[in-house]
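What follows is one structure encoded as structure tokens, with my remarks underneath.
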Number of protein chains: 6
Amino acid sequence: MYHHVKKLMYTVKVGDPDPRFGKMLLEQFGGANGELAAAMQYSIQGLNCDDPGLKDLLMDIGTEELSHLEVIGTLARMHLKPTKHDRELADADPLVAVCGGGGVNLFNSAGNPWTADYLKITGEIDVDLRSNIAAEARAKIVNERLIDYCDDPGSKDALQFLMTREITHLKAFMLALDSLDKPPLQIGLIPPTKGLVEQYFNDSTGRDDEGNEDMVGPWNDKKAFRRVDNPAFSPEAMKVDGD
Amino acid sequence: MYHHVKKLMYTVKVGDPDPRFGKMLLEQFGGANGELAAAMQYSIQGLNCDDPGLKDLLMDIGTEELSHLEVIGTLARMHLKPTKHDRELADADPLVAVCGGGGVNLFNSAGNPWTADYLKITGEIDVDLRSNIAAEARAKIVNERLIDYCDDPGSKDALQFLMTREITHLKAFMLALDSLDKPPLQIGLIPPTKGLVEQYFNDSTGRDDEGNEDMVGPWNDKKAFRRVDNPAFSPEAMKVDGD
Amino acid sequence: MYHHVKKLMYTVKVGDPDPRFGKMLLEQFGGANGELAAAMQYSIQGLNCDDPGLKDLLMDIGTEELSHLEVIGTLARMHLKPTKHDRELADADPLVAVCGGGGVNLFNSAGNPWTADYLKITGEIDVDLRSNIAAEARAKIVNERLIDYCDDPGSKDALQFLMTREITHLKAFMLALDSLDKPPLQIGLIPPTKGLVEQYFNDSTGRDDEGNEDMVGPWNDKKAFRRVDNPAFSPEAMKVDGD
Amino acid sequence: MYHHVKKLMYTVKVGDPDPRFGKMLLEQFGGANGELAAAMQYSIQGLNCDDPGLKDLLMDIGTEELSHLEVIGTLARMHLKPTKHDRELADADPLVAVCGGGGVNLFNSAGNPWTADYLKITGEIDVDLRSNIAAEARAKIVNERLIDYCDDPGSKDALQFLMTREITHLKAFMLALDSLDKPPLQIGLIPPTKGLVEQYFNDSTGRDDEGNEDMVGPWNDKKAFRRVDNPAFSPEAMKVDGD
Amino acid sequence: MYHHVKKLMYTVKVGDPDPRFGKMLLEQFGGANGELAAAMQYSIQGLNCDDPGLKDLLMDIGTEELSHLEVIGTLARMHLKPTKHDRELADADPLVAVCGGGGVNLFNSAGNPWTADYLKITGEIDVDLRSNIAAEARAKIVNERLIDYCDDPGSKDALQFLMTREITHLKAFMLALDSLDKPPLQIGLIPPTKGLVEQYFNDSTGRDDEGNEDMVGPWNDKKAFRRVDNPAFSPEAMKVDGD
Amino acid sequence: MYHHVKKLMYTVKVGDPDPRFGKMLLEQFGGANGELAAAMQYSIQGLNCDDPGLKDLLMDIGTEELSHLEVIGTLARMHLKPTKHDRELADADPLVAVCGGGGVNLFNSAGNPWTADYLKITGEIDVDLRSNIAAEARAKIVNERLIDYCDDPGSKDALQFLMTREITHLKAFMLALDSLDKPPLQIGLIPPTKGLVEQYFNDSTGRDDEGNEDMVGPWNDKKAFRRVDNPAFSPEAMKVDGD
């Protein structure tokens, strides 16, 4: 069960409203890496989760993201309000102006409606935690960019608060994944095929227009993999299906 | 530039076509965690990437995923073909039957059109690598489930091939992330707020219908965080905005 | 700020899980007239609302709908769980089976992702209240149909609870609209054009295949309107633009 | 059967084209509350309706909305046409310029494609009428905002015509709902649970940042409801499931 | 302006309703190649068209497609109606059953909402006519498949009517394109680059798993093109940018 | 199998980046008529195709379109890059700036995510070829418009290259359709109804606001059709169902 308290998690203060920045803020309200996406991803993973400890973690953070949704929505609303009575500002976001009367809705900065296609929910807890780690990293960088584009001190403070919390969540999800004590390459139950899993396919070759050629790094060197060059032209090198 | 070789990366052999399984397979063809999503996510990240080594990695794997798309599409096509001339089979997937004549299209198993909303691309390479690690983990588990639902040995073999390659990619992306030598909680340039980042908000409390109560684990214990209970009711405990 | 209590608003008891019914239930979870749509519509209207009393109403009910989301999600999860290990059940909902491992996600009964296009939010409070009245009426009838399709007593009880609450909300929204004391045909500030607003355009004429012809009822009789027959062929009868 | 007459329902006259306003107008062409949404919602409800009188009403108004679609589309086309040959204007709406050559398509003001997710169709006539009442109220306010943002007298006249007709339709739908003689809180056939339906859940409490606290109004006072405060923390007060 | 006559363009007679076939029929109602897509594509092209003759053609056929929409919708409605009171039938299309009460909505056979992304409208009349020719060809084949899957004589008759009209429209659009007297390869005003336009890039090479190798046909033989083999590996052969 | 060569099919040179033009370019990257749409439409048609010659054609061109996707993406990336560090430029495309850090993603010029709804794939080769002919015509005109809006010589050159190739493909698809030797009005196997297929329905009549009346052209004259005027009002003239 949910309860709402009439107090923002972070008190929002805005100097001069900046409707174009308000439009940017919608990215964190109804965008792909925004607060509703986070709230729904974690809460629904929690709903599917049978482990009471991890379920509690997912509900704790999922609920906090609902409070963030309220903060960012309030902030965006304050910046977008003048859109209602100013044609020039309305031109910058006609959807908010004409449809919303200067109010927010679950759109991103381009006016796309929020969609559950943003969510990554598999019902496999370790996989879900990896999706959450990635989600928090994305939310952090989006918040940081908003701060970089922002002139208003009060708005920056609120975004700094939200951005900080993403790191908190990142840490919690990483610790949760570690606590499962699974080898990092073990997902699910069926093991990969030996002999094949160690092969790195070099599917992009040649020299690019800046002169860069095939690169070797820790991610594909001999310590890590056996390299198969141009597998499309030497399929026998893949040696995987015995034909 | 791309080149296509008229040879599948894994030779597909199907015994008795199973159109209902073919419908399931579409999840890996045009679904949220499928091969096109992987191909596009990595290739476009590569296109945005300024580091030639990581760009090469992204193009290598992005290109391999295009070859996987072809394998899974061929496999799905073989299973779905009988749909065309059998009303009962057509009922199981009218979209494939009526619109596609038993051929595949970029839909998932529920007939939803593939959408770029599935992609996670931020233009920040370490963040993108985390999204890729999560994407490979999801693809692995989806492939595993398809194997579990499958009766046909040839189809299982092809899925085992594809599933194995997800682990290869998972490893490569993890090594690439490690090679950046960034502290695991550092994303972007703006540091989180000290004092706030260490707080764990206990936003979900009480006892559930199975008797579970608040749980403490490595992800939220004293070693990791300072705990704030019920922040909605004790906002002063968050001590973050000095009001 | 939001807080979550680990207790369902209605304790869910399910006898034999019925995965096909679980699929139907998703309509109330991630569907057009479902609980998330209600929660978001009211809460975001509340966020945009300047009247503290009506804002409170919208937050009260918006928050309750989040609790309903949790109830229906838990119920659907219980019905869908067996999908994971049973190929035949998985065929009935491959998206839930293959992608979700038998867990729920924000899809409707056809597997469509939830979208903010379901929401009706205008930033005009009396208009929003009318949208909410309609939304509650729709949610009531969808819940009723689910009860009619349901065999499981525990599931029926939970749906009866949720369905009852829609009527409660319907009443509250109707009272709120009444409390604004606006004439029922007054929306916004610009008055309609006299002489034109009283005309009923009879744009559909003739006799249908069952023998029905033009009908007159209280909605278009002489007491209510001046009738213009076949305006496409007698535009002068509309007398509206003085040309 | 439909017939088209080569005459607009309202003759459109535009002085200086204003492409940015043309973009706004798309909201009424291909937007969530626009003319196609109205035309399709009513006409398809009519197609599903077994009552010949109400079916006639729905077809009358559904057909009129098609004529409105033509008016607004013609108006938007006149405003958007200069986009084709002017880079600066094209920047204001690249989708219309690059894809449409300055012509209209079924997009809203943010370029989102029209979707049937905008429609509210339940197959239950009294519920559908409530959805239509709300739809007309929304269309009225959107038209009014367009008038407020508009400088061109001819465009204002056309919008005044369309806006007036929304009020006509609003009235007709309200009279139709009244004619059904149903108690306002009766939807469908299954009655709500007594004892529960009279409870108002106070799910949002405390004092907000502007000092507002819990509010009581005609929508939740003692005359209307029995109040349950903080149900998340006092679930026994809901007394609904006898546990 | 539009007018509606209460008479179907083709009188629909259904023997035993077949709800699964009704679901298939939705493909022609709210699907990608269905009647609404045709109606909107042609009518909006007409609205954008400055040539009065071609505009008339587009409005004639666009309006006829609205009448087809009504026929197919009525047919689908008759087949889907029993869904309302039969759980087993409802399982076959829970969206129609639970949300629509057995009535139709603008969904395709997989329950996807109709979207304007189906439309091809460019504001360039010869290009639009080509899109229409292709659209009619697609609609013909979809109708044919529906006939092939259909057991009910009355439904087959109605589909035969609709299918026949697609051929009529195909012919009219082809004649209209011919009447423009444009060379078949001339689109727009900017000519293609000589020397490059005559090159056929052989981007797919090798031998497939069935033994097929590079094929030459009238579409890429010496009469038609100069062949460039493996351009990715011999970019100099493309001789196009003088670097 | 696919292989990637680190060399663009056309070397991209950009003078001064123009982020607003970069936004326009996204139309050809992730838009309805863009390179991914072409690549996927042809490649998947190829995957469904049983004729080895036509399959080869579809794979040749489908693969070339992937190389085009890389060219246009690189070009757009170069134009959009400055968006990252300039608030004013970011305002012009907040989605690219805030979410993408100035990098590209599969969006169109309005920020809509690419969707498989853009694709036309029927599994009937002659129908698919017609869809491809139309697709190439649309791509040509979109490229031409981009050239018209472009000031940068290097960008114009690259677009001229891509535009030229659309004409090459148009020609190849037209030759392939011709090679099938099918009468132009024969689609599928079921013949249209004689007597009905020759009727042209004049569904749009009257005189428009510019004085245009019913038009006759080669597309609907006596040589081509028997004309039925106002079929909605003279259904007997259609003589098609014998009632």
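Letters for chains follow the order of the structure tokens (A, B, ...), residue numbers begin at 1 for each chain, and ligand numbers begin at 1 in the order shown.
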
Report task. Compile the residues of chain F that lie within 6 Å of chain D, evaluated using only C-alpha atoms, and express the compilation as a list in words. Result -> Met24, Ser109, Ala110, Val142, Arg145, Tyr149, Asp203, Ser204, Thr205, Gly206, Arg207, Asp208, Asp209 and Ala232 of chain F

Requested in this report: Considering only C-alpha atoms, return as a list in words whatever protein or nucleic-acid residues lie within 8 Å of F:Thr168, sequence-local ones (same chain, fewer than 3 positions apart) excluded.
Outcome: Val197, Glu198, Gln199 and Tyr200 of chain E; Thr164, Arg165, Lys171 and Ala172 of chain F

So that I have them on file, write out the residues from the current selection with C-alpha atoms, as an mmCIF file, in the first residue's frame.
data_model
loop_
_atom_site.group_PDB
_atom_site.id
_atom_site.type_symbol
_atom_site.label_atom_id
_atom_site.label_comp_id
_atom_site.auth_asym_id
_atom_site.auth_seq_id
_atom_site.Cartn_x
_atom_site.Cartn_y
_atom_site.Cartn_z
ATOM 1 C CA VAL E 197 23.418 5.690 -61.068
ATOM 2 C CA GLU E 198 24.287 2.943 -63.581
ATOM 3 C CA GLN E 199 26.273 0.893 -61.074
ATOM 4 C CA TYR E 200 24.834 -2.195 -59.426
ATOM 5 C CA THR F 164 21.518 8.784 -56.737
ATOM 6 C CA ARG F 165 21.576 5.283 -55.316
ATOM 7 C CA LYS F 171 15.349 0.907 -61.502
ATOM 8 C CA ALA F 172 16.423 -2.505 -60.227
#

Query - DSSP helix (DSSP H, G or I) selection over stretch 107-209 of chain A, as number ranges by chain - result: A: 116-118, 125-149, 153-179

Report task. Considering only C-alpha atoms, return as number ranges by chain whatever protein or nucleic-acid residues lie within 12 Å of D:Leu25, sequence-local ones (same chain, fewer than 2 positions apart) excluded. Result -> A: 91, 94-95, 97-99; D: 18-23, 27-31, 33-35, 69, 71-80, 104-111, 142-147, 149-150, 155-156, 158-159

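In this structure, atom CA of C:Thr83 sits 8.8 Å away from atom CA of C:Gly103.
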
Tell me, as a short mmCIF file (atom, residue, chain, number, x, y, z; two decimals) with C-alpha atoms, in the first residue's frame, which residues lie within 10 Å of stretch 47-53 of chain B, counting only C-alpha atoms; anything in the same chain fewer than 2 positions away does not count.
data_model
loop_
_atom_site.label_atom_id
_atom_site.label_comp_id
_atom_site.auth_asym_id
_atom_site.auth_seq_id
_atom_site.Cartn_x
_atom_site.Cartn_y
_atom_site.Cartn_z
CA ASP A 208 38.64 3.86 -41.54
CA GLU A 210 40.78 8.63 -40.13
CA GLY A 211 43.34 5.87 -40.62
CA ASN A 212 42.25 3.68 -37.71
CA GLU A 213 42.64 -0.05 -38.25
CA ASP A 214 41.79 -3.19 -36.31
CA MET A 215 42.37 -2.59 -32.65
CA VAL A 216 43.29 -5.03 -29.91
CA GLY A 217 42.54 -4.24 -26.30
CA PRO A 218 42.00 -6.09 -23.04
CA TRP A 219 38.48 -6.83 -24.26
CA TYR B 42 26.07 -1.49 -30.33
CA SER B 43 26.50 -0.24 -33.90
CA ILE B 44 25.05 3.18 -33.15
CA GLN B 45 27.04 3.48 -29.95
CA LYS B 55 34.46 1.73 -31.52
CA ASP B 56 36.02 -1.32 -33.14
CA LEU B 57 34.68 -3.55 -30.36
CA LEU B 58 31.20 -2.09 -30.77
CA MET B 59 31.28 -2.57 -34.54
CA ILE B 121 22.37 4.83 -26.14
CA THR B 122 23.78 7.76 -24.16
CA GLY B 123 26.93 8.83 -25.94
CA GLU B 124 28.88 8.19 -22.70
CA ILE B 125 30.95 5.11 -23.32
CA ALA B 176 36.08 -3.16 -21.84
CA GLU F 70 26.31 4.36 -41.60
CA VAL F 71 26.99 7.28 -43.97
CA GLY F 73 24.53 8.50 -39.28
CA THR F 74 28.12 9.70 -39.48
CA ARG F 77 26.68 12.86 -35.85
CA MET F 78 29.11 15.45 -37.20
CA LYS F 81 28.08 17.02 -31.97
CA GLY F 100 22.30 11.38 -26.42
CA GLY F 101 25.06 13.77 -25.42
CA GLY F 102 25.07 15.04 -28.99
CA GLY F 103 25.13 11.56 -30.48
CA VAL F 104 22.61 10.02 -32.83
CA ASN F 105 19.96 7.47 -32.05
#

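All residues of protein, DNA or RNA that reach within 6 Å of stretch 138-141 of chain B, judged by only C-alpha atoms and not counting those fewer than 4 positions away in the chain, are A:Gly188, B:Asn33, B:Met163, B:Glu166.
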
Go ahead and save the picked residues with N, CA and C atoms, as a PDB file, in the first residue's frame.
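selection-v7.pdb was written with the following content:
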ATOM      1  N   GLY A 188      21.499 -17.505 -15.697  1.00  0.00           N
ATOM      2  CA  GLY A 188      20.609 -18.653 -15.864  1.00  0.00           C
ATOM      3  C   GLY A 188      21.307 -19.953 -15.554  1.00  0.00           C
TER       4      GLY A 188
ATOM      5  N   ASN B  33      14.607  -7.564 -26.366  1.00  0.00           N
ATOM      6  CA  ASN B  33      15.960  -8.029 -26.057  1.00  0.00           C
ATOM      7  C   ASN B  33      16.545  -8.848 -27.198  1.00  0.00           C
ATOM      8  N   MET B 163      22.989 -18.323 -27.785  1.00  0.00           N
ATOM      9  CA  MET B 163      23.077 -18.081 -26.343  1.00  0.00           C
ATOM     10  C   MET B 163      24.527 -18.037 -25.881  1.00  0.00           C
ATOM     11  N   GLU B 166      26.163 -14.732 -26.541  1.00  0.00           N
ATOM     12  CA  GLU B 166      25.818 -13.638 -25.609  1.00  0.00           C
ATOM     13  C   GLU B 166      26.820 -13.604 -24.459  1.00  0.00           C
TER      14      GLU B 166
END
